[in-house]
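Visitor: You'll find my_file.cif just under this line, and it carries mmCIF, C-alpha atoms.
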data_protein
loop_
_atom_site.label_atom_id
_atom_site.label_comp_id
_atom_site.auth_asym_id
_atom_site.auth_seq_id
_atom_site.Cartn_x
_atom_site.Cartn_y
_atom_site.Cartn_z
CA MET A 713 -89.37 5.84 100.49
CA GLU A 714 -88.31 2.66 98.73
CA ASP A 715 -91.47 0.99 99.95
CA ILE A 716 -93.59 3.86 98.56
CA ALA A 717 -91.80 3.70 95.22
CA GLN A 718 -92.21 -0.08 95.04
CA LYS A 719 -95.96 0.12 95.67
CA ILE A 720 -96.31 2.76 92.97
CA ARG A 721 -94.17 0.80 90.55
CA THR A 722 -96.21 -2.36 91.15
CA PHE A 723 -99.46 -0.43 90.53
CA VAL A 724 -98.08 0.99 87.29
CA ILE A 725 -96.98 -2.41 86.01
CA ASP A 726 -100.12 -4.27 87.04
CA ASN A 727 -102.76 -1.69 86.15
CA LEU A 728 -101.33 0.60 83.52
CA LEU A 729 -98.89 -1.67 81.69
CA PHE A 730 -101.10 -4.72 82.21
CA GLY A 731 -98.28 -6.79 83.61
CA GLN A 732 -96.09 -6.16 80.57
CA GLU A 733 -92.93 -4.57 81.76
CA GLY A 734 -91.59 -4.71 78.23
CA ASP A 735 -87.94 -3.78 78.09
CA GLY A 736 -88.21 -2.69 81.64
CA PHE A 737 -88.32 0.87 82.81
CA SER A 738 -86.54 2.65 85.60
CA ASN A 739 -88.24 4.59 88.33
CA GLU A 740 -86.68 7.71 86.86
CA ASP A 741 -88.14 7.25 83.38
CA SER A 742 -90.46 10.04 82.27
CA PHE A 743 -93.98 8.81 81.58
CA LEU A 744 -94.56 11.69 79.17
CA GLU A 745 -91.37 11.23 77.16
CA SER A 746 -91.77 7.48 76.95
CA GLY A 747 -95.50 7.67 76.23
CA MET A 748 -96.00 4.89 78.76
CA ILE A 749 -98.89 6.50 80.56
CA ASP A 750 -101.47 8.99 79.36
CA SER A 751 -103.68 11.37 81.31
CA MET A 752 -106.12 8.62 82.25
CA GLY A 753 -103.23 6.67 83.67
CA ILE A 754 -102.16 9.67 85.73
CA LEU A 755 -105.71 9.99 87.04
CA SER A 756 -105.70 6.34 88.07
CA LEU A 757 -102.36 6.89 89.80
CA VAL A 758 -103.72 9.91 91.67
CA GLU A 759 -106.63 7.85 92.94
CA PHE A 760 -104.40 4.92 93.87
CA VAL A 761 -102.01 7.15 95.77
CA THR A 762 -104.85 8.97 97.55
CA GLU A 763 -106.34 5.73 98.80
CA THR A 764 -103.17 3.80 99.49
CA PHE A 765 -101.31 6.48 101.39
CA ALA A 766 -104.35 8.29 102.85
CA ILE A 767 -103.33 11.70 101.58
CA SER A 768 -105.38 14.40 99.92
CA ILE A 769 -104.17 15.81 96.62
CA ASP A 770 -105.01 19.26 95.35
CA ASP A 771 -105.64 19.71 91.64
CA ARG A 772 -102.71 22.14 91.58
CA ASP A 773 -100.41 19.30 92.67
CA ILE A 774 -101.24 17.20 89.63
CA VAL A 775 -98.42 18.42 87.44
CA PRO A 776 -95.58 16.53 85.70
CA GLU A 777 -93.11 17.80 88.29
CA ASN A 778 -94.86 15.56 90.83
CA TRP A 779 -96.24 12.77 88.63
CA ASP A 780 -94.01 12.16 85.64
CA SER A 781 -92.12 9.14 86.99
CA VAL A 782 -92.32 6.60 89.77
CA SER A 783 -89.58 8.43 91.65
CA ARG A 784 -91.27 11.80 91.35
CA ILE A 785 -94.53 10.40 92.66
CA ALA A 786 -92.74 8.69 95.54
CA ARG A 787 -91.01 11.93 96.51
CA PHE A 788 -94.31 13.81 96.30
CA VAL A 789 -96.08 11.23 98.48
CA GLN A 790 -93.23 11.21 100.99
CA ALA A 791 -93.41 15.00 101.30
CA LYS A 792 -97.17 14.86 101.73
CA ILE A 793 -96.96 12.23 104.44
CA ILE A 794 -94.35 14.20 106.33
CA SER A 795 -96.40 17.38 106.14
CA VAL A 796 -99.52 15.77 107.62
CA MET B 769 -72.95 41.73 51.95
CA THR B 770 -74.74 41.41 48.61
CA CYS B 771 -78.43 40.72 48.16
CA THR B 772 -77.68 37.30 46.72
CA SER B 773 -75.82 36.28 49.83
CA MET B 774 -78.52 37.36 52.21
CA ARG B 775 -80.76 34.68 53.49
CA THR B 776 -84.12 35.28 55.00
CA THR B 777 -86.08 32.81 57.02
CA PRO B 778 -89.15 31.81 55.02
CA SER B 779 -92.16 33.40 56.64
CA PHE B 780 -94.83 31.20 58.09
CA SER B 781 -98.35 32.48 58.42
CA SER B 782 -101.97 31.45 58.12
CA LYS B 783 -101.59 31.93 54.38
CA VAL B 784 -100.14 28.42 54.22
CA LEU B 785 -103.71 27.21 54.71
CA ASP B 786 -105.12 29.19 51.78
CA ILE B 787 -106.58 26.92 49.12
CA ASP B 788 -107.92 27.29 45.61
CA ALA B 789 -111.47 26.51 46.65
CA GLU B 790 -112.61 25.78 43.11
CA ALA B 791 -109.80 23.31 42.49
CA VAL B 792 -110.21 21.60 45.85
CA THR B 793 -113.94 21.30 45.30
CA ARG B 794 -113.35 19.74 41.91
CA GLU B 795 -110.87 17.27 43.37
CA ILE B 796 -113.19 16.20 46.19
CA VAL B 797 -116.21 15.99 43.90
CA GLU B 798 -114.35 13.75 41.45
CA ALA B 799 -113.00 11.57 44.24
CA THR B 800 -116.40 11.29 45.90
CA ARG B 801 -118.04 10.23 42.66
CA LYS B 802 -115.41 7.58 42.09
CA ILE B 803 -115.57 6.37 45.70
CA VAL B 804 -119.35 6.18 46.04
CA PHE B 805 -120.33 4.96 42.58
CA HIS B 806 -117.36 2.80 41.62
CA ARG B 807 -115.44 1.79 44.68
CA LEU B 808 -118.34 1.35 47.10
CA ARG B 809 -120.94 0.69 44.37
CA ARG B 810 -123.61 2.73 46.15
CA ARG B 811 -126.35 4.87 44.61
CA GLY B 812 -125.95 7.97 46.75
CA ALA B 813 -124.97 9.32 50.16
CA VAL B 814 -126.50 9.94 53.56
CA VAL B 815 -125.18 12.97 55.45
CA GLY B 816 -126.00 13.72 59.07
CA LEU B 817 -126.66 17.47 59.18
CA SER B 818 -125.79 19.10 62.48
CA GLY B 819 -126.19 22.67 61.29
CA GLY B 820 -122.42 23.08 61.52
CA ILE B 821 -119.92 23.96 58.81
CA ASP B 822 -118.41 20.49 58.38
CA SER B 823 -121.63 18.61 57.65
CA SER B 824 -122.91 21.51 55.51
CA VAL B 825 -119.79 21.47 53.33
CA THR B 826 -119.87 17.67 53.16
CA ALA B 827 -123.47 17.74 51.98
CA ALA B 828 -122.72 20.39 49.36
CA LEU B 829 -119.78 18.37 48.05
CA CYS B 830 -121.91 15.23 47.89
CA VAL B 831 -124.51 17.12 45.86
CA GLY B 832 -121.79 18.29 43.50
CA ALA B 833 -120.52 14.74 43.12
CA LEU B 834 -123.67 12.66 43.08
CA GLY B 835 -126.54 14.99 42.28
CA LYS B 836 -129.06 16.39 44.73
CA GLU B 837 -131.52 13.58 44.11
CA ARG B 838 -128.94 11.11 45.41
CA VAL B 839 -128.16 12.79 48.72
CA LEU B 840 -130.29 12.39 51.85
CA GLY B 841 -129.86 14.71 54.80
CA LEU B 842 -130.57 13.51 58.31
CA LEU B 843 -131.40 15.86 61.14
CA MET B 844 -131.14 14.09 64.48
CA PRO B 845 -131.90 16.36 67.44
CA GLU B 846 -132.16 15.13 71.01
CA ASP B 847 -133.32 16.59 74.31
CA GLU B 848 -130.11 18.53 74.96
CA SER B 849 -129.02 19.57 71.49
CA SER B 850 -129.11 23.19 70.45
CA GLU B 851 -132.40 24.36 69.01
CA GLU B 852 -130.40 26.01 66.27
CA SER B 853 -129.08 22.71 64.96
CA PRO B 854 -132.20 21.34 63.23
CA ARG B 855 -133.18 24.80 61.98
CA LEU B 856 -129.79 25.36 60.39
CA GLY B 857 -129.58 21.79 59.16
CA SER B 858 -132.90 22.06 57.37
CA GLN B 859 -131.82 25.40 55.91
CA VAL B 860 -128.80 23.69 54.40
CA ALA B 861 -130.86 20.80 53.05
CA GLU B 862 -133.44 23.10 51.51
CA GLY B 863 -130.77 25.34 50.06
CA LEU B 864 -129.11 22.35 48.40
CA GLY B 865 -132.44 20.94 47.24
CA ILE B 866 -131.88 17.59 48.91
CA GLY B 867 -134.44 15.47 50.67
CA TYR B 868 -134.09 15.24 54.42
CA VAL B 869 -135.58 13.36 57.33
CA VAL B 870 -135.89 14.50 60.93
CA GLU B 871 -135.25 11.73 63.44
CA ASP B 872 -135.63 12.80 67.06
CA ILE B 873 -133.25 10.53 68.96
CA GLY B 874 -134.33 11.79 72.39
CA PRO B 875 -136.70 8.88 73.08
CA THR B 876 -134.06 6.37 71.99
CA LEU B 877 -131.48 7.96 74.26
CA LYS B 878 -133.95 7.90 77.14
CA ALA B 879 -134.66 4.24 76.52
CA LEU B 880 -130.90 3.59 76.61
CA ARG B 881 -130.78 5.58 79.88
CA CYS B 882 -128.19 7.84 78.27
CA TYR B 883 -129.10 10.93 80.30
CA GLU B 884 -129.70 8.92 83.45
CA ARG B 885 -126.34 7.13 83.27
CA ARG B 886 -124.53 10.40 82.57
CA ASP B 887 -126.23 12.09 85.53
CA GLU B 888 -125.40 9.18 87.84
CA ALA B 889 -121.75 9.53 86.91
CA ILE B 890 -121.78 13.28 87.59
CA ARG B 891 -123.38 12.69 90.98
CA LYS B 892 -120.26 10.76 92.01
CA VAL B 893 -118.46 14.12 92.15
CA ILE B 894 -121.36 16.57 92.51
CA PRO B 895 -123.86 14.72 94.74
CA GLU B 896 -126.56 17.37 94.42
CA TYR B 897 -126.65 17.15 90.60
CA GLY B 898 -130.13 16.24 89.47
CA SER B 899 -133.25 17.18 87.57
CA GLY B 900 -133.07 20.62 86.01
CA TRP B 901 -129.29 20.84 86.28
CA LYS B 902 -127.09 21.33 83.23
CA SER B 903 -123.50 20.33 82.70
CA LYS B 904 -120.48 20.09 80.44
CA ILE B 905 -117.01 18.68 80.81
CA VAL B 906 -113.95 20.85 80.30
CA LEU B 907 -110.18 20.60 80.20
CA PRO B 908 -107.75 22.75 82.18
CA ASP B 909 -105.60 25.31 80.42
CA LEU B 910 -103.05 23.09 78.70
CA VAL B 911 -101.39 25.86 76.74
CA ASN B 912 -100.38 28.16 79.58
CA SER B 913 -99.39 25.49 82.08
CA SER B 914 -97.72 22.10 82.05
CA THR B 915 -100.54 20.08 83.44
CA TYR B 916 -102.42 16.97 82.49
CA ALA B 917 -105.56 16.71 80.39
CA LEU B 918 -107.81 15.82 83.32
CA TYR B 919 -111.44 16.67 82.79
CA SER B 920 -113.65 18.50 85.22
CA VAL B 921 -117.42 18.75 85.12
CA VAL B 922 -118.99 22.19 85.23
CA ALA B 923 -122.55 22.06 86.47
CA GLN B 924 -125.26 24.68 86.69
CA SER B 925 -128.17 24.33 89.09
CA PRO B 926 -131.74 25.18 88.07
CA THR B 927 -131.33 28.51 89.90
CA GLY B 928 -128.19 29.39 87.95
CA GLU B 929 -125.40 28.66 90.42
CA THR B 930 -122.39 26.94 88.88
CA CYS B 931 -119.87 24.63 90.40
CA ARG B 932 -116.94 22.63 89.12
CA ALA B 933 -115.39 19.35 90.19
CA ARG B 934 -112.58 17.22 88.78
CA LEU B 935 -113.94 13.93 87.49
CA THR B 936 -112.55 10.70 88.88
CA ALA B 937 -111.34 8.14 86.35
CA GLU B 938 -114.51 6.09 86.89
CA SER B 939 -116.89 9.03 86.59
CA TYR B 940 -115.09 10.48 83.55
CA LEU B 941 -115.27 7.18 81.69
CA ALA B 942 -118.91 6.76 82.68
CA VAL B 943 -119.85 10.26 81.48
CA VAL B 944 -118.11 9.73 78.16
CA ALA B 945 -119.58 6.26 77.70
CA ALA B 946 -123.08 7.58 78.33
CA THR B 947 -122.77 10.60 76.06
CA ASN B 948 -121.23 8.42 73.32
CA PHE B 949 -124.71 6.95 72.97
CA LYS B 950 -125.65 10.16 71.15
CA GLN B 951 -123.11 9.79 68.35
CA ARG B 952 -123.63 6.04 68.07
CA THR B 953 -127.42 6.36 67.90
CA ARG B 954 -127.11 8.94 65.14
CA LYS B 955 -124.77 6.68 63.19
CA MET B 956 -127.20 3.78 63.60
CA LEU B 957 -129.87 5.88 61.90
CA GLU B 958 -127.52 7.02 59.15
CA TYR B 959 -126.82 3.38 58.32
CA PHE B 960 -130.52 2.49 58.51
CA HIS B 961 -131.30 5.03 55.81
CA ALA B 962 -128.18 4.12 53.86
CA ASP B 963 -129.16 0.46 53.91
CA ARG B 964 -132.72 1.05 52.74
CA LEU B 965 -131.58 3.39 49.94
CA TRP B 966 -128.39 1.52 48.97
CA TYR B 967 -126.44 4.66 49.83
CA ALA B 968 -123.05 5.23 51.42
CA VAL B 969 -122.69 7.08 54.73
CA ALA B 970 -120.61 10.24 54.57
CA GLY B 971 -118.46 11.08 57.55
CA THR B 972 -117.91 14.76 58.23
CA PRO B 973 -114.72 15.13 60.27
CA ASN B 974 -112.18 17.77 59.36
CA ARG B 975 -108.45 17.19 59.74
CA LEU B 976 -108.18 18.60 63.25
CA GLU B 977 -110.79 16.11 64.39
CA TYR B 978 -109.66 13.13 62.33
CA ALA B 979 -105.97 13.45 63.16
CA GLN B 980 -106.45 14.03 66.87
CA GLY B 981 -109.13 11.44 67.48
CA PHE B 982 -111.97 13.85 68.16
CA PHE B 983 -114.70 11.37 67.34
CA VAL B 984 -116.54 8.44 68.86
CA LYS B 985 -115.56 4.98 67.70
CA ASN B 986 -118.52 3.55 65.78
CA GLY B 987 -120.26 6.85 66.37
CA ASP B 988 -119.37 9.88 64.28
CA GLY B 989 -116.08 8.07 63.58
CA ALA B 990 -117.85 5.48 61.47
CA ALA B 991 -118.52 6.17 57.80
CA ASP B 992 -118.03 4.77 54.32
CA PHE B 993 -116.15 7.82 53.12
CA LYS B 994 -114.91 11.06 54.65
CA PRO B 995 -114.52 13.71 51.98
CA ILE B 996 -113.12 16.55 54.12
CA ALA B 997 -110.97 14.61 56.59
CA HIS B 998 -107.80 15.93 54.92
CA LEU B 999 -108.85 19.59 55.21
CA TYR B 1000 -107.85 21.90 58.04
CA LYS B 1001 -110.76 23.72 59.67
CA SER B 1002 -109.94 27.02 58.00
CA GLN B 1003 -109.89 25.25 54.65
CA VAL B 1004 -113.35 23.82 55.33
CA LEU B 1005 -114.46 27.40 56.00
CA GLN B 1006 -112.97 28.53 52.70
CA LEU B 1007 -114.89 25.80 50.92
CA GLY B 1008 -118.02 26.74 52.81
CA LYS B 1009 -117.80 30.31 51.53
CA TYR B 1010 -117.15 29.08 48.01
CA LEU B 1011 -120.03 26.61 48.09
CA GLY B 1012 -122.51 29.15 49.42
CA VAL B 1013 -123.06 27.73 52.91
CA PRO B 1014 -125.29 30.23 54.79
CA ASP B 1015 -123.42 32.99 56.62
CA GLU B 1016 -125.02 32.06 59.92
CA ILE B 1017 -123.39 28.65 59.72
CA LEU B 1018 -120.05 30.06 58.61
CA ARG B 1019 -120.05 32.35 61.64
CA ARG B 1020 -121.36 29.76 64.11
CA PRO B 1021 -118.73 28.87 66.73
CA PRO B 1022 -117.96 25.15 66.59
CA THR B 1023 -119.66 23.40 69.47
CA THR B 1024 -119.81 19.81 70.53
CA ASP B 1025 -123.62 20.02 70.85
CA THR B 1026 -123.30 17.04 73.18
CA TYR B 1027 -123.72 18.45 76.69
CA SER B 1028 -126.63 20.37 78.19
CA LEU B 1029 -124.43 23.42 78.90
CA GLU B 1030 -123.11 25.00 75.76
CA GLN B 1031 -119.59 23.80 75.22
CA SER B 1032 -117.08 24.91 72.64
CA GLN B 1033 -114.81 22.43 70.92
CA GLU B 1034 -111.94 24.48 72.27
CA GLU B 1035 -112.80 23.94 75.92
CA PHE B 1036 -113.75 20.30 75.41
CA TYR B 1037 -110.87 19.06 73.35
CA PHE B 1038 -108.58 21.39 71.48
CA SER B 1039 -107.64 23.91 74.20
CA LEU B 1040 -106.97 26.51 71.53
CA PRO B 1041 -108.99 28.58 69.13
CA LEU B 1042 -109.41 26.33 66.11
CA ALA B 1043 -107.65 28.77 63.76
CA THR B 1044 -104.58 28.57 65.99
CA MET B 1045 -104.81 24.81 66.33
CA ASP B 1046 -105.03 24.60 62.53
CA LEU B 1047 -101.76 26.44 62.14
CA CYS B 1048 -100.03 24.48 64.89
CA LEU B 1049 -101.09 21.14 63.43
CA TYR B 1050 -99.98 22.21 59.97
CA ALA B 1051 -96.65 23.41 61.37
CA ARG B 1052 -96.10 20.21 63.29
CA ASN B 1053 -96.90 18.15 60.18
CA HIS B 1054 -94.43 20.18 58.09
CA GLN B 1055 -91.64 20.49 60.66
CA VAL B 1056 -91.92 24.26 60.80
CA PRO B 1057 -89.47 25.70 63.37
CA VAL B 1058 -91.22 26.40 66.65
CA SER B 1059 -90.05 30.02 66.66
CA ASN B 1060 -91.76 30.62 63.30
CA VAL B 1061 -94.97 29.12 64.64
CA ALA B 1062 -94.75 31.33 67.70
CA ASP B 1063 -94.38 34.40 65.48
CA ALA B 1064 -97.33 33.39 63.33
CA THR B 1065 -99.70 32.49 66.15
CA GLY B 1066 -98.76 35.01 68.82
CA LEU B 1067 -97.99 32.16 71.21
CA SER B 1068 -94.69 31.92 73.03
CA VAL B 1069 -92.18 29.26 72.03
CA GLU B 1070 -92.96 27.46 75.28
CA GLN B 1071 -96.69 27.51 74.51
CA VAL B 1072 -96.11 26.14 71.01
CA GLU B 1073 -94.05 23.32 72.47
CA ARG B 1074 -96.90 22.51 74.84
CA VAL B 1075 -99.35 22.51 71.94
CA TYR B 1076 -97.08 20.11 70.06
CA THR B 1077 -96.97 17.86 73.12
CA MET B 1078 -100.75 17.99 73.31
CA ILE B 1079 -101.15 17.13 69.62
CA ASN B 1080 -98.65 14.27 69.80
CA SER B 1081 -100.32 12.92 72.90
CA LYS B 1082 -103.77 13.00 71.30
CA ILE B 1083 -102.53 11.33 68.11
CA SER B 1084 -100.83 8.62 70.12
CA SER B 1085 -103.59 7.95 72.62
CA THR B 1086 -106.36 7.86 70.01
CA HIS B 1087 -104.52 5.71 67.48
CA TYR B 1088 -106.71 2.75 68.43
CA LEU B 1089 -109.78 4.64 67.17
CA HIS B 1090 -108.45 4.34 63.64
CA LEU B 1091 -107.67 0.65 63.75
CA GLN B 1092 -109.60 -2.03 61.95
CA PRO B 1093 -110.72 -4.93 64.16
CA GLN B 1094 -107.62 -6.84 65.14
CA LEU B 1095 -107.44 -10.42 63.89
CA VAL B 1096 -105.39 -13.26 65.23
CA GLN B 1097 -104.62 -14.49 61.75
CA LYS B 1098 -104.89 -12.85 58.36
CA ILE B 1099 -107.86 -14.13 56.38
CA ASP B 1100 -106.53 -14.43 52.85
CA GLU B 1101 -109.87 -14.63 51.10
CA VAL B 1102 -110.87 -11.21 52.45
CA ASP B 1103 -109.11 -8.19 50.92
CA VAL B 1104 -109.64 -5.22 53.19
CA SER B 1105 -107.82 -2.78 50.93
CA ALA B 1106 -109.96 -0.43 48.85
CA PRO B 1107 -110.64 -1.64 45.30
CA ASP B 1108 -109.56 0.69 42.45
#
As structure tokens, how would this structure be written, given the file I've shared?
Guide:
Amino acid sequence: MEDIAQKIRTFVIDNLLFGQEGDGFSNEDSFLESGMIDSMGILSLVEFVTETFAISIDDRDIVPENWDSVSRIARFVQAKIISV
Amino acid sequence: MTCTSMRTTPSFSSKVLDIDAEAVTREIVEATRKIVFHRLRRRGAVVGLSGGIDSSVTAALCVGALGKERVLGLLMPEDESSEESPRLGSQVAEGLGIGYVVEDIGPTLKALRCYERRDEAIRKVIPEYGSGWKSKIVLPDLVNSSTYALYSVVAQSPTGETCRARLTAESYLAVVAATNFKQRTRKMLEYFHADRLWYAVAGTPNRLEYAQGFFVKNGDGAADFKPIAHLYKSQVLQLGKYLGVPDEILRRPPTTDTYSLEQSQEEFYFSLPLATMDLCLYARNHQVPVSNVADATGLSVEQVERVYTMINSKISSTHYLHLQPQLVQKIDEVDVSAPD
């Protein structure tokens, strides 16, 4: 799962934070609370994850419980991969 | 316990939005006169008339401030706008006694491939979308569930069947970029007429729209002055009644009048009836306890908290729409602050 989390973290930094890690953020940091990523960013993440990990994502799965931090996304992806 | 020692929680209700319409009108009229004639040094105002309450009230206020002979109304229908819009807009102009011009922007939008680009973007998620189809984009229910503001397109075939698909990031941005041509083309015409008449362009957003970034940058967001941007929607309605805006316009549900399927502002952007959003925005701005807001609106505490999250998110993510062009260095010889 570390590899999944690292890929997601790299995507976030490169594509949503434009390479600016700023003060640094942890994989547990809430995107919503920090304001780091907005809905468009989440949409980009959904598409990245779908392509990179070859999983399908239902609209009902796109909720903060699954997407509000790097760690949450990694856990969600891991569960999806296992269930396939 | 004596009466003097009892404390009651101040009640919070829609009454907080009640205004003295006469006094507010006077204030806006005086400010508009000062802004247009003295600060901007313009001879009058151009107002785009959509047939909605905001532009109708704005036009009426401009007439009060500048005189009817110094206000020009612009009606700018296109292929997909409501047929009611130009009829109601002209009714407002004629009622106020102002001159108005009808500029059909359909041909311009076609030349810009506005409709074509929008349809191409929709076809990325609904491949069969084509000639004769209608569409709108909508948000999920953000008040009753903790989900993200991800738009879907709702499409209706020529035979009446509807379907819905979540937009990808690319298709969403492409749909919005294409439809933004509508607001930007209208603003181009407002400035054409303003330039030839030496007039100022009036913007017509209300506070819900201005504060939450419900406008197109350099489209309906562009203006020389915005006389009702500080007013909540229900306050604009109160002014409308006071100023004699036709009943049909007062009762007309706010629409975006941007997509070929009729689309309310609620389903496109605000996710709440506007009267409720008014109260929630006011409450948020005045630090009203969430429980009081829940009591006043009929929402649960959880729902009010979600609305606050939504409002904060919109304010934050649309902050850039309000910014002046960013410079690398300050240019001392240019003073961008408003002159007295």
Visitor: Residues picked by the PyMOL selection byres ((chain A) within 6 of (chain B)) here, as a VMD selection string?
Guide: chain A and resid 751 755 775
Visitor: Go ahead and save the picked residues with C-alpha atoms, as an mmCIF file, in the frame of the given file.
Guide:
data_model
loop_
_atom_site.group_PDB
_atom_site.id
_atom_site.type_symbol
_atom_site.label_atom_id
_atom_site.label_comp_id
_atom_site.auth_asym_id
_atom_site.auth_seq_id
_atom_site.Cartn_x
_atom_site.Cartn_y
_atom_site.Cartn_z
ATOM 1 C CA SER A 751 -103.680 11.370 81.310
ATOM 2 C CA LEU A 755 -105.710 9.990 87.040
ATOM 3 C CA VAL A 775 -98.420 18.420 87.440
#
Visitor: Evaluate the PyMOL selection byres ((chain A and resi 745) around 12) against this structure - the residues, as a count of residues only, please.
Guide: 16
Visitor: Take atom CA of Asp788 of chain B and atom CA of Ser858 of chain B and report the distance between them in Å, one decimal.
Guide: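 Atom-to-atom, atom CA of Asp788 of chain B and atom CA of Ser858 of chain B are spaced 28.1 Å apart.
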Visitor: So how far away is atom CA of Gly857 of chain B from atom CA of Leu817 of chain B, in Å?
Guide: 5.2 Å
Visitor: Would you mind listing what lies within 8 Å of Gln980 of chain B as a PDB file with C-alpha atoms, in the frame of the given file, with only C-alpha atoms counted and same-chain residues fewer than 4 positions away left out?
Guide:
ATOM      1  CA  LEU B 976    -108.180  18.600  63.250  1.00  0.00           C
ATOM      2  CA  ILE B1079    -101.150  17.130  69.620  1.00  0.00           C
ATOM      3  CA  LYS B1082    -103.770  13.000  71.300  1.00  0.00           C
ATOM      4  CA  ILE B1083    -102.530  11.330  68.110  1.00  0.00           C
ATOM      5  CA  THR B1086    -106.360   7.860  70.010  1.00  0.00           C
TER       6      THR B1086
END
Visitor: Atom CA of Arg885 of chain B to atom CA of Ala942 of chain B: how many Å, to one decimal?
Guide: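 Computing it gives 7.5 Å between the two atoms.
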